[in-house]
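Visitor: If it helps, the file is called target.txt and holds compact mmCIF, C-alpha atoms:
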```txt
# COMPACT_ATOMS: atom_id res chain seq x y z
CA MET A 25 3.29 12.56 22.21
CA HIS A 26 2.83 12.65 18.46
CA LYS A 27 3.01 9.41 16.52
CA THR A 28 4.23 8.94 12.96
CA VAL A 29 2.99 6.73 10.16
CA PHE A 30 4.94 6.10 6.98
CA ILE A 31 2.84 4.99 4.01
CA THR A 32 4.35 3.79 0.74
CA GLY A 33 2.47 4.41 -2.48
CA ALA A 34 0.66 7.21 -0.69
CA SER A 35 0.18 9.80 -3.41
CA ARG A 36 -2.99 8.19 -4.77
CA GLY A 37 -5.75 5.69 -4.07
CA ILE A 38 -5.77 3.67 -0.85
CA GLY A 39 -2.50 5.21 0.35
CA ARG A 40 -3.81 8.75 -0.06
CA ALA A 41 -7.03 7.93 1.78
CA ALA A 42 -5.03 6.35 4.61
CA ALA A 43 -2.77 9.41 4.87
CA LEU A 44 -5.75 11.72 5.22
CA ARG A 45 -7.37 9.46 7.80
CA PHE A 46 -4.26 9.33 9.97
CA ALA A 47 -3.88 13.11 9.70
CA MET A 48 -7.46 13.59 10.88
CA ASP A 49 -6.59 11.50 13.92
CA GLY A 50 -3.61 13.72 14.76
CA TRP A 51 -0.75 11.63 13.39
CA ARG A 52 2.35 12.91 11.65
CA VAL A 53 2.37 11.47 8.15
CA GLY A 54 5.23 10.42 5.89
CA ILE A 55 4.18 9.70 2.34
CA GLY A 56 6.33 7.66 0.02
CA TYR A 57 5.81 7.89 -3.72
CA HIS A 58 7.63 6.96 -6.91
CA THR A 59 6.62 9.12 -9.88
CA SER A 60 3.47 11.08 -9.00
CA ASP A 61 5.04 14.43 -8.04
CA ALA A 62 1.94 16.55 -8.62
CA GLU A 63 -0.27 14.18 -6.63
CA ALA A 64 2.26 14.06 -3.78
CA ARG A 65 2.42 17.86 -3.61
CA ALA A 66 -1.36 18.08 -3.60
CA LEU A 67 -1.56 15.57 -0.76
CA ILE A 68 1.02 17.47 1.29
CA ALA A 69 -1.07 20.61 0.84
CA ALA A 70 -4.22 18.76 1.94
CA LEU A 71 -2.42 17.40 5.00
CA ALA A 72 -1.18 20.89 5.87
CA GLU A 73 -4.76 22.14 5.79
CA LEU A 74 -5.58 19.49 8.39
CA GLY A 75 -2.85 20.92 10.61
CA THR A 76 -0.62 17.85 10.59
CA MET A 77 3.13 17.64 10.12
CA ALA A 78 3.87 15.74 6.93
CA THR A 79 6.70 15.03 4.54
CA ALA A 80 6.89 13.47 1.09
CA VAL A 81 9.84 11.30 0.06
CA ARG A 82 10.38 10.04 -3.46
CA GLY A 83 11.89 6.70 -4.35
CA ASP A 84 11.40 3.22 -5.71
CA VAL A 85 10.64 0.70 -2.95
CA ALA A 86 12.01 -2.04 -5.21
CA SER A 87 15.43 -0.54 -4.48
CA ALA A 88 16.90 -1.34 -1.06
CA GLU A 89 18.88 1.89 -1.14
CA ASP A 90 15.83 4.01 -1.98
CA ALA A 91 13.71 2.33 0.69
CA ALA A 92 16.34 2.88 3.39
CA ARG A 93 16.76 6.53 2.36
CA MET A 94 13.00 7.15 2.34
CA VAL A 95 12.65 5.73 5.83
CA GLN A 96 15.59 7.75 7.13
CA GLU A 97 14.35 11.00 5.59
CA THR A 98 10.95 10.42 7.17
CA ARG A 99 12.55 9.83 10.57
CA THR A 100 14.65 12.97 10.23
CA ALA A 101 11.60 15.08 9.40
CA LEU A 102 9.01 13.55 11.72
CA GLY A 103 10.66 11.36 14.34
CA HIS A 104 10.66 7.61 14.79
CA ILE A 105 8.13 5.62 12.76
CA ASP A 106 5.38 4.00 14.82
CA VAL A 107 3.43 2.50 11.94
CA LEU A 108 4.63 1.35 8.51
CA ILE A 109 2.03 0.69 5.83
CA ASN A 110 3.44 -1.27 2.90
CA ASN A 111 0.90 -0.09 0.37
CA ALA A 112 2.98 0.51 -2.78
CA GLY A 113 2.00 -1.90 -5.50
CA ILE A 114 1.58 -2.37 -9.22
CA ALA A 115 -0.71 -4.59 -11.26
CA HIS A 116 -0.26 -6.63 -14.43
CA THR A 117 -3.25 -7.92 -16.36
CA ALA A 118 -2.43 -10.47 -19.05
CA LEU A 119 -2.63 -14.15 -19.82
CA PHE A 120 0.09 -16.09 -18.04
CA THR A 121 1.47 -17.14 -21.43
CA ASP A 122 1.77 -13.45 -22.35
CA THR A 123 3.51 -12.46 -19.11
CA ASP A 124 7.23 -12.29 -19.73
CA TYR A 125 9.80 -12.74 -17.00
CA ALA A 126 10.68 -9.04 -16.90
CA ALA A 127 7.06 -8.15 -16.09
CA TRP A 128 6.91 -10.95 -13.50
CA ARG A 129 10.11 -9.79 -11.80
CA ARG A 130 9.13 -6.11 -11.77
CA LEU A 131 5.80 -6.92 -10.17
CA PHE A 132 7.44 -8.99 -7.43
CA ALA A 133 10.15 -6.36 -7.00
CA VAL A 134 7.58 -3.71 -6.10
CA ASN A 135 4.84 -5.73 -4.39
CA VAL A 136 7.01 -8.15 -2.39
CA ASP A 137 10.59 -6.87 -2.35
CA GLY A 138 9.29 -3.39 -1.57
CA ALA A 139 7.65 -4.66 1.61
CA TYR A 140 10.84 -6.54 2.46
CA HIS A 141 13.04 -3.46 2.00
CA CYS A 142 10.81 -1.04 3.92
CA THR A 143 10.14 -3.48 6.74
CA GLY A 144 13.84 -4.17 7.08
CA ALA A 145 14.49 -0.45 7.32
CA VAL A 146 12.02 0.20 10.16
CA LEU A 147 12.22 -3.04 12.12
CA PRO A 148 15.49 -2.61 14.07
CA ASP A 149 14.25 0.62 15.66
CA MET A 150 10.85 -0.92 16.41
CA ILE A 151 12.50 -3.92 18.06
CA SER A 152 14.72 -1.60 20.08
CA ARG A 153 11.67 0.33 21.30
CA ARG A 154 9.60 -2.86 21.64
CA SER A 155 6.76 -1.09 19.90
CA GLY A 156 5.46 -0.71 16.37
CA VAL A 157 2.96 -1.80 13.78
CA ILE A 158 3.53 -3.05 10.24
CA LEU A 159 0.51 -3.27 7.96
CA ASN A 160 0.83 -4.93 4.57
CA VAL A 161 -1.73 -4.25 1.85
CA SER A 162 -2.43 -7.45 -0.05
CA SER A 163 -5.52 -8.18 -2.15
CA ILE A 164 -8.46 -10.54 -2.31
CA TRP A 165 -6.66 -12.02 -5.32
CA GLY A 166 -3.88 -13.08 -2.96
CA LEU A 167 -6.44 -15.32 -1.28
CA VAL A 168 -8.49 -16.64 -4.18
CA GLY A 169 -6.49 -15.81 -7.32
CA ALA A 170 -7.70 -14.12 -10.49
CA SER A 171 -7.66 -15.22 -14.10
CA CYS A 172 -5.32 -13.10 -16.24
CA GLU A 173 -3.65 -11.80 -13.06
CA VAL A 174 -1.47 -14.75 -12.11
CA ALA A 175 1.62 -12.67 -11.37
CA TYR A 176 -0.31 -10.11 -9.33
CA SER A 177 -2.19 -12.82 -7.41
CA ALA A 178 1.05 -14.68 -6.68
CA SER A 179 2.77 -11.55 -5.40
CA LYS A 180 -0.13 -10.68 -3.11
CA ALA A 181 -0.26 -14.26 -1.82
CA ALA A 182 3.45 -13.98 -1.02
CA LEU A 183 2.71 -10.84 0.99
CA ILE A 184 0.17 -12.75 3.07
CA GLY A 185 2.71 -15.48 3.85
CA PHE A 186 5.30 -12.82 4.69
CA THR A 187 2.85 -11.24 7.14
CA LYS A 188 1.93 -14.47 8.92
CA ALA A 189 5.53 -15.51 9.46
CA LEU A 190 6.85 -12.10 10.49
CA ALA A 191 4.00 -11.62 12.95
CA LYS A 192 5.10 -14.77 14.78
CA GLU A 193 8.73 -13.72 14.70
CA VAL A 194 8.45 -10.18 16.05
CA GLY A 195 5.31 -10.47 18.15
CA PRO A 196 7.37 -11.30 21.26
CA SER A 197 9.17 -7.97 20.72
CA GLY A 198 5.91 -6.05 21.01
CA ILE A 199 5.43 -5.49 17.30
CA ARG A 200 2.18 -6.25 15.52
CA VAL A 201 2.26 -7.31 11.88
CA ASN A 202 -1.04 -7.48 10.03
CA CYS A 203 -2.32 -7.67 6.49
CA ILE A 204 -5.48 -6.51 4.78
CA ALA A 205 -6.81 -8.05 1.57
CA PRO A 206 -9.18 -5.51 -0.02
CA GLY A 207 -11.58 -6.40 -2.76
CA VAL A 208 -11.86 -4.18 -5.80
CA ILE A 209 -11.48 -0.51 -4.84
CA ASP A 210 -12.31 2.12 -7.45
CA THR A 211 -8.84 3.61 -7.84
CA ASP A 212 -6.54 4.28 -10.78
CA MET A 213 -5.46 0.63 -10.78
CA VAL A 214 -8.89 -0.52 -11.98
CA LYS A 215 -9.34 2.13 -14.67
CA VAL A 216 -8.39 -0.48 -17.25
CA LEU A 217 -11.43 -2.58 -16.34
CA GLY A 218 -14.59 -2.19 -18.39
CA GLN A 219 -18.00 -1.50 -16.88
CA GLU A 220 -19.15 -5.09 -17.50
CA THR A 221 -16.20 -6.43 -15.49
CA LEU A 222 -16.83 -3.92 -12.71
CA ASP A 223 -20.49 -4.94 -12.58
CA GLN A 224 -19.49 -8.59 -12.23
CA LEU A 225 -17.06 -7.77 -9.44
CA VAL A 226 -19.72 -5.81 -7.56
CA GLU A 227 -22.07 -8.78 -7.79
CA GLN A 228 -19.35 -11.05 -6.36
CA THR A 229 -18.83 -8.76 -3.36
CA VAL A 230 -20.33 -10.17 -0.17
CA VAL A 231 -21.17 -6.74 1.28
CA LYS A 232 -22.90 -4.96 -1.57
CA PRO A 233 -22.13 -1.24 -1.97
CA ARG A 234 -24.89 1.14 -0.93
CA GLN A 235 -24.08 3.43 -3.82
CA SER A 236 -25.00 2.73 -7.41
CA LYS A 237 -22.30 1.46 -9.76
CA GLU A 238 -22.38 4.84 -11.50
CA GLN A 239 -21.70 6.61 -8.20
CA LEU A 240 -18.87 4.22 -7.43
CA ARG A 241 -17.36 4.98 -10.82
CA SER A 242 -17.55 8.76 -10.22
CA ASN A 243 -16.44 8.79 -6.57
CA ARG A 244 -12.84 7.70 -6.99
CA ILE A 245 -10.64 7.85 -3.92
```
Mind converting the file's structure to structure tokens?
Guide:
Amino acid sequence: MHKTVFITGASRGIGRAAALRFAMDGWRVGIGYHTSDAEARALIAALAELGTMATAVRGDVASAEDAARMVQETRTALGHIDVLINNAGIAHTALFTDTDYAAWRRLFAVNVDGAYHCTGAVLPDMISRRSGVILNVSSIWGLVGASCEVAYSASKAALIGFTKALAKEVGPSGIRVNCIAPGVIDTDMVKVLGQETLDQLVEQTVVKPRQSKEQLRSNRI
């Protein structure tokens, strides 16, 4: 029996890589995206070449209505959702004193409310089937914090707390809830960082990359 994964923020970066990996393992793949139409179409084409059934649904996970619609459209196209990956996220780099409330709220709306909306949309069916996996993509900054990224760090820390509590709540129903906290991944989100900052981040990484920094810069996901 085919299984289905629904990945938010899947048109680029970590989400795109995850979509391709699931397709290679024979999964049906639902990709959620907000504005990157060209990237979403390109990913659907790449998934088709791998022989997997896939669908792309557009919407803003910060909207409860959009999230519910995206989940339903994915179910209609591919069947019930076995795995939800709450990957959609945005960043905000600025001094705390330069971070206005609108920027703070938008960041939490996507990074935290988005996970809330999408999880709420898939959970009733998972509980009914007593099966399912929810994976939340946090960040190392959610664990240790980052200067000039207070809002981002706070939102990713909230996602970790959300994961821990929900895992206890729905575990008895046969549903696993986990969270990953990646370090710096060379995706579009870190394009704003200079080479000096990237070099410092590489040096702070416990498992040093086998590639050179120049190769890491050129081999974007």
Visitor: Report, in Å with one decimal, the straight-line distance from atom CA of Ala64 of chain A to atom CA of Ala78 of chain A.
Guide: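 Atom CA of Ala64 of chain A sits 11.0 Å away from atom CA of Ala78 of chain A.
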Visitor: Using atom CA of Arg200 of chain A and atom CA of Ser179 of chain A as the two end points, give the distance in Å to one decimal.
Guide: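 Atom-to-atom, atom CA of Arg200 of chain A and atom CA of Ser179 of chain A are spaced 21.6 Å apart.
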Visitor: Write out as a ChimeraX atom specification which residues come within 12 Å of segment 180-184 of chain A when counting all atoms listed in the file, dropping same-chain ones fewer than 6 positions away.
Guide: /A:110-115,131-140,143,159-170,173-174,190-191,201-206
Visitor: Rounded to one decimal, what separation in Å do you get between atom CA of Val85 of chain A and atom CA of Ile68 of chain A?
Guide: 19.8 Å
Visitor: Need to verify the contact set: Ala70 of chain A, 12 Å, all atoms listed in the file, exclusion of same-chain residues closer than 6 positions in sequence. Can you return it as a list of chain:residue names?
Guide: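 Skipping anything fewer than 6 positions along the chain leaves A:Ser35, A:Arg40, A:Ala41, A:Ala43, A:Leu44, A:Arg45, A:Ala47, A:Met48, A:Val53, A:Glu63, A:Ala64, A:Thr76, A:Met77, A:Ala78, A:Thr79.
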Visitor: Which one of A:Arg153, A:Arg65, A:Lys188, A:Arg52 sits closest to Ala101 of chain A if you count all atoms listed in the file?
Guide: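 Nearest candidate to Ala101 of chain A out of A:Arg153, A:Arg65, A:Lys188, A:Arg52: A:Arg52.
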Visitor: Using all atoms listed in the file, find the one residue out of A:Arg154, A:His141, A:His26, A:Lys192 that sits nearest to Arg93 of chain A.
Guide: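 Using all atoms listed in the file, Arg93 of chain A sits closest to A:His141.
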